[in-house]
Amino acid sequence: MTVKTDAGSAVAERELPSGASLFTRGNAPIVIAVVALVTLGAFENRAVLTAMPTVLTELDAVTSYGLVGAAPLATYLVSLAAAGWWADRRGPVPVLRLGALTFVGGMAAVASASGLPALVLGRLLSGLAEGLLDVGVMVLVARVLDPVLRPKVVAMFSAAWVLPSVLGPVVTGAVTEWVGWRWIFIAGPVVLVPVWLALRPALRVARGLPQEEADAVASGEGPTRLRGILPWALLAAAALVALNLVTEQLTVQALTVSVAVVSGLAVVGLGASARRLLPAGALRAACGIGGVIALRGLVSASFMGIGAFLPLILTVLRDHGPLTAGISLSITGVTWSCGSAIQSRFSARPMTLLRTGFSLVTAGLVGTGLIVWAEAPTAVGLIGWALAGLGIGMTSGTLSVLIMSASDDSNQGRNNAGGQMAASMASAVYYAAAGAVLAIAGEPSRFAFGVIAGLAVALAATGLAASGRARCALPAEPAGKAALSPME
């Protein structure tokens, strides 16, 4: 299949693997490789979360849990900004290559750590690697696969998280207890070798594409040079870390002028950075790509935010053990995948998917909140949580596809990075607000959790009301690109 791509004045033709099936001879190696890379990242994520308490205990660094957790978040934002800029100019191959090398370095640093400095270094490198790989994979899919196949690949990405979500904590716990936690981090680079070898056909295809359009100046507002991006990304990372550290220490007695000033400066710095880093119109949810990016932030903050506190709610308010709390995470791993599969089946009706998905997330979070606000059975909350998982599977997959379809090769990297940054920034702000509520309350009470759940519902409802802002990102007949599947 030949695709013509417009980027400024540059027009180039390129050969892509043909066929509308994922598993033709040309497409299958690419699809298998990118799904394998996402699966490896999912296992790494679940394994690190499971093993980190043991790591910190053995290294006598439990009091630095917040620092170790914030380290990858800070570098992830910086990495996303740089990766988006780089991918637009040089394609996804160098971004993925550096991401893989950084991943190996981060895992090796943690595996060999004898104290806190090496552990923090490893987590910083892991955040860098995650941003590079996230952007690189999405740009690779956008450039080398038929647009009709993108919804299916996105659905497979969601499915790739199911097995790691179910088995990852169990396998990690067993290895940590029987062999040692260091082997968890040694295994990552070892598994990466066959995954990288499988990825080579896709990289060869990407390297063979013309790069004139990738060298064009990105359209739209915002910085177009790396030195104009990195300072804002660093400011955003510092603001998020400061905001979360301040709110963790917040109490009614500690509500001083200095705390208020630091929090205010962090919010202002974050807003200014977001204005420079995100696509134009994202902060006001403008109709078009800005609206899509804003919706990505709203749905991520609402769902991920309450998901982070649900295990605590089940154990503190409902007196359930770790098994029930773990089941809550497994439930959404499955329903998220189901929602993403629905997205791939009905990808020709993206607005219907968005409205339905946001409605399910909102209603599901209301159902989840009933175990906080009322004496509803725990099963009611878990059913609501399952519905929310179904909804975010539909919305997140649809938004990812819309970002790819609304972008060309001059801004594919920046827009995909913008979606990831919006999700991370919004979620981090939600965590900071929730942390402030818990700190001021003084204990994890029903009132505190009720406010936190209410905030999540409000964000989801806002996303539902604003879902129409994505309509302008649906080009009926995209100029210079292969025809997409019929849109509403």
# chains A, B, ... in the order shown; residues from 1 in each chain; ligands from 1
$ closest_atom_pairs --of "stretch 139-244 of chain A" --to "stretch 342-363 of chain A" --cutoff "8 Å" --atoms "only C-alpha atoms" --output "JSON lines"
{"residue": "A:Pro151", "atom": "CA", "partner": "A:Ser344", "partner_atom": "CA", "distance": 4.6}
{"residue": "A:Lys152", "atom": "CA", "partner": "A:Ser344", "partner_atom": "CA", "distance": 5.0}
{"residue": "A:Val154", "atom": "CA", "partner": "A:Ser344", "partner_atom": "CA", "distance": 7.7}
{"residue": "A:Ala155", "atom": "CA", "partner": "A:Ser344", "partner_atom": "CA", "distance": 6.1}
$ residues_around --residues "stretch 289-291 of chain A" --least-positions-apart "6" --cutoff "9 Å" --atoms "only C-alpha atoms" --output "ChimeraX atom specification"
/A:278-283,402-403,406-407,415,466-473
$ atom_distance --atom1 "atom CA of A:Gly418" --atom2 "atom CA of A:Met404"
11.6 Å
$ residues_around --residues "A:Gly307" --least-positions-apart "2" --cutoff "10 Å" --atoms "only C-alpha atoms" --output "PyMOL selection string"
chain A and resi 301-305+309-313+328-329+332+365+368+385+389+453+456
$ write_last_selection --atoms "N, CA and C atoms" --output "PDB file, in the first residue's frame"
ATOM      1  N   ALA A 301      -7.052  10.690  34.913  1.00  0.00           N
ATOM      2  CA  ALA A 301      -7.054  11.140  36.302  1.00  0.00           C
ATOM      3  C   ALA A 301      -8.208  10.533  37.080  1.00  0.00           C
ATOM      4  N   SER A 302      -9.390  10.490  36.477  1.00  0.00           N
ATOM      5  CA  SER A 302     -10.560   9.971  37.196  1.00  0.00           C
ATOM      6  C   SER A 302     -10.421   8.487  37.486  1.00  0.00           C
ATOM      7  N   PHE A 303     -10.014   7.716  36.499  1.00  0.00           N
ATOM      8  CA  PHE A 303      -9.950   6.261  36.665  1.00  0.00           C
ATOM      9  C   PHE A 303      -8.718   5.834  37.450  1.00  0.00           C
ATOM     10  N   MET A 304      -7.554   6.308  37.020  1.00  0.00           N
ATOM     11  CA  MET A 304      -6.325   5.902  37.698  1.00  0.00           C
ATOM     12  C   MET A 304      -6.291   6.408  39.132  1.00  0.00           C
ATOM     13  N   GLY A 305      -6.866   7.596  39.336  1.00  0.00           N
ATOM     14  CA  GLY A 305      -6.843   8.165  40.672  1.00  0.00           C
ATOM     15  C   GLY A 305      -7.582   7.317  41.681  1.00  0.00           C
ATOM     16  N   PHE A 309      -6.458   4.265  45.065  1.00  0.00           N
ATOM     17  CA  PHE A 309      -6.937   4.256  46.450  1.00  0.00           C
ATOM     18  C   PHE A 309      -7.920   3.125  46.746  1.00  0.00           C
ATOM     19  N   LEU A 310      -8.399   2.425  45.712  1.00  0.00           N
ATOM     20  CA  LEU A 310      -9.398   1.390  45.940  1.00  0.00           C
ATOM     21  C   LEU A 310      -8.905   0.262  46.855  1.00  0.00           C
ATOM     22  N   PRO A 311      -7.680  -0.268  46.664  1.00  0.00           N
ATOM     23  CA  PRO A 311      -7.207  -1.295  47.607  1.00  0.00           C
ATOM     24  C   PRO A 311      -7.186  -0.803  49.054  1.00  0.00           C
ATOM     25  N   LEU A 312      -6.813   0.463  49.248  1.00  0.00           N
ATOM     26  CA  LEU A 312      -6.795   1.019  50.603  1.00  0.00           C
ATOM     27  C   LEU A 312      -8.220   1.136  51.152  1.00  0.00           C
ATOM     28  N   ILE A 313      -9.160   1.540  50.302  1.00  0.00           N
ATOM     29  CA  ILE A 313     -10.559   1.637  50.732  1.00  0.00           C
ATOM     30  C   ILE A 313     -11.091   0.271  51.157  1.00  0.00           C
ATOM     31  N   SER A 328      -9.548  -6.640  42.846  1.00  0.00           N
ATOM     32  CA  SER A 328     -10.050  -5.401  42.256  1.00  0.00           C
ATOM     33  C   SER A 328      -9.173  -4.940  41.099  1.00  0.00           C
ATOM     34  N   LEU A 329      -7.866  -5.144  41.215  1.00  0.00           N
ATOM     35  CA  LEU A 329      -6.954  -4.767  40.136  1.00  0.00           C
ATOM     36  C   LEU A 329      -7.071  -5.720  38.955  1.00  0.00           C
ATOM     37  N   THR A 332     -10.284  -5.006  36.617  1.00  0.00           N
ATOM     38  CA  THR A 332     -10.187  -3.966  35.599  1.00  0.00           C
ATOM     39  C   THR A 332      -9.191  -4.317  34.505  1.00  0.00           C
ATOM     40  N   LEU A 365     -17.796   4.645  38.383  1.00  0.00           N
ATOM     41  CA  LEU A 365     -17.166   5.272  39.551  1.00  0.00           C
ATOM     42  C   LEU A 365     -18.204   5.656  40.608  1.00  0.00           C
ATOM     43  N   THR A 368     -18.723   2.452  42.333  1.00  0.00           N
ATOM     44  CA  THR A 368     -17.581   2.190  43.214  1.00  0.00           C
ATOM     45  C   THR A 368     -17.664   3.048  44.469  1.00  0.00           C
ATOM     46  N   TRP A 385     -16.703  -0.894  39.525  1.00  0.00           N
ATOM     47  CA  TRP A 385     -15.306  -0.797  39.103  1.00  0.00           C
ATOM     48  C   TRP A 385     -15.086  -1.539  37.787  1.00  0.00           C
ATOM     49  N   GLY A 389     -13.825   0.025  34.230  1.00  0.00           N
ATOM     50  CA  GLY A 389     -12.749  -0.560  33.434  1.00  0.00           C
ATOM     51  C   GLY A 389     -13.163  -0.767  31.991  1.00  0.00           C
ATOM     52  N   ALA A 453     -13.347  10.041  46.149  1.00  0.00           N
ATOM     53  CA  ALA A 453     -14.198   9.383  45.155  1.00  0.00           C
ATOM     54  C   ALA A 453     -15.065  10.398  44.425  1.00  0.00           C
ATOM     55  N   ALA A 456     -13.138  12.078  41.662  1.00  0.00           N
ATOM     56  CA  ALA A 456     -12.983  11.218  40.494  1.00  0.00           C
ATOM     57  C   ALA A 456     -14.249  11.216  39.644  1.00  0.00           C
TER      58      ALA A 456
END
$ atom_distance --atom1 "atom CA of A:Ala432" --atom2 "atom CA of A:Leu245"
8.2 Å
$ atom_distance --atom1 "atom CA of A:Met52" --atom2 "atom CA of A:Leu116"
12.2 Å
$ residues_around --residues "A:Val334" --least-positions-apart "5" --cutoff "10 Å" --atoms "only C-alpha atoms" --output "PyMOL selection string"
chain A and resi 158-159+161-163+165-166+329+339+386+389-390+393
$ write_last_selection --atoms "C-alpha atoms" --output "compact mmCIF listing (two decimals), in the first residue's frame"
# COMPACT_ATOMS: atom_id res chain seq x y z
CA SER A 158 -4.63 -3.33 26.23
CA ALA A 159 -4.90 -7.12 26.11
CA TRP A 161 -1.65 -5.92 30.14
CA VAL A 162 -4.10 -8.62 31.25
CA LEU A 163 -1.65 -11.47 31.84
CA SER A 165 -1.76 -7.80 35.78
CA VAL A 166 -2.95 -11.25 36.83
CA LEU A 329 -6.95 -4.77 40.14
CA GLY A 339 -13.53 -2.38 26.33
CA ALA A 386 -15.65 -3.42 36.35
CA GLY A 389 -12.75 -0.56 33.43
CA LEU A 390 -14.92 -1.38 30.42
CA GLY A 393 -10.92 0.52 27.64
$ residues_around --residues "A:Ala423" --least-positions-apart "4" --cutoff "8 Å" --atoms "only C-alpha atoms" --output "list in words"
Arg296, Gly297, Leu298, Val299, Ser300, Ala301, Gly419 and Ser427 of chain A
$ closest_residue --among "A:Leu314, A:Ala428, A:Thr172, A:Gly384" --to "A:Gly69" --atoms "only C-alpha atoms"
A:Ala428
$ residues_around --residues "stretch 97-99 of chain A" --least-positions-apart "2" --cutoff "7 Å" --atoms "only C-alpha atoms" --output "PDB file with C-alpha atoms, in the first residue's frame"
ATOM      1  CA  VAL A  93      13.914   3.951  15.348  1.00  0.00           C
ATOM      2  CA  PRO A  94      16.533   5.991  17.286  1.00  0.00           C
ATOM      3  CA  VAL A  95      13.955   6.743  19.987  1.00  0.00           C
ATOM      4  CA  LEU A 101      19.467   0.829  26.118  1.00  0.00           C
ATOM      5  CA  THR A 102      18.179   3.045  28.919  1.00  0.00           C
ATOM      6  CA  PHE A 103      15.828   0.280  30.060  1.00  0.00           C
ATOM      7  CA  ALA A 129      13.175   4.500  29.186  1.00  0.00           C
ATOM      8  CA  LEU A 132      11.100   6.838  25.022  1.00  0.00           C
ATOM      9  CA  LEU A 133       9.505   3.429  24.482  1.00  0.00           C
TER      10      LEU A 133
END
$ residues_around --residues "A:Gly269" --least-positions-apart "6" --cutoff "7 Å" --atoms "only C-alpha atoms" --output "PDB file with C-alpha atoms, in the first residue's frame"
ATOM      1  CA  LEU A 235       9.859  22.578  35.339  1.00  0.00           C
ATOM      2  CA  ALA A 236       6.781  20.353  34.989  1.00  0.00           C
ATOM      3  CA  ALA A 239       6.429  21.071  40.006  1.00  0.00           C
TER       4      ALA A 239
END
$ select_by_dssp --residues "stretch 130-374 of chain A" --states "alpha helix (DSSP H)" --output "ChimeraX atom specification"
/A:130-144,150-159,162-178,182-207,212-215,226-248,257-277,289-316,322-345,350-373
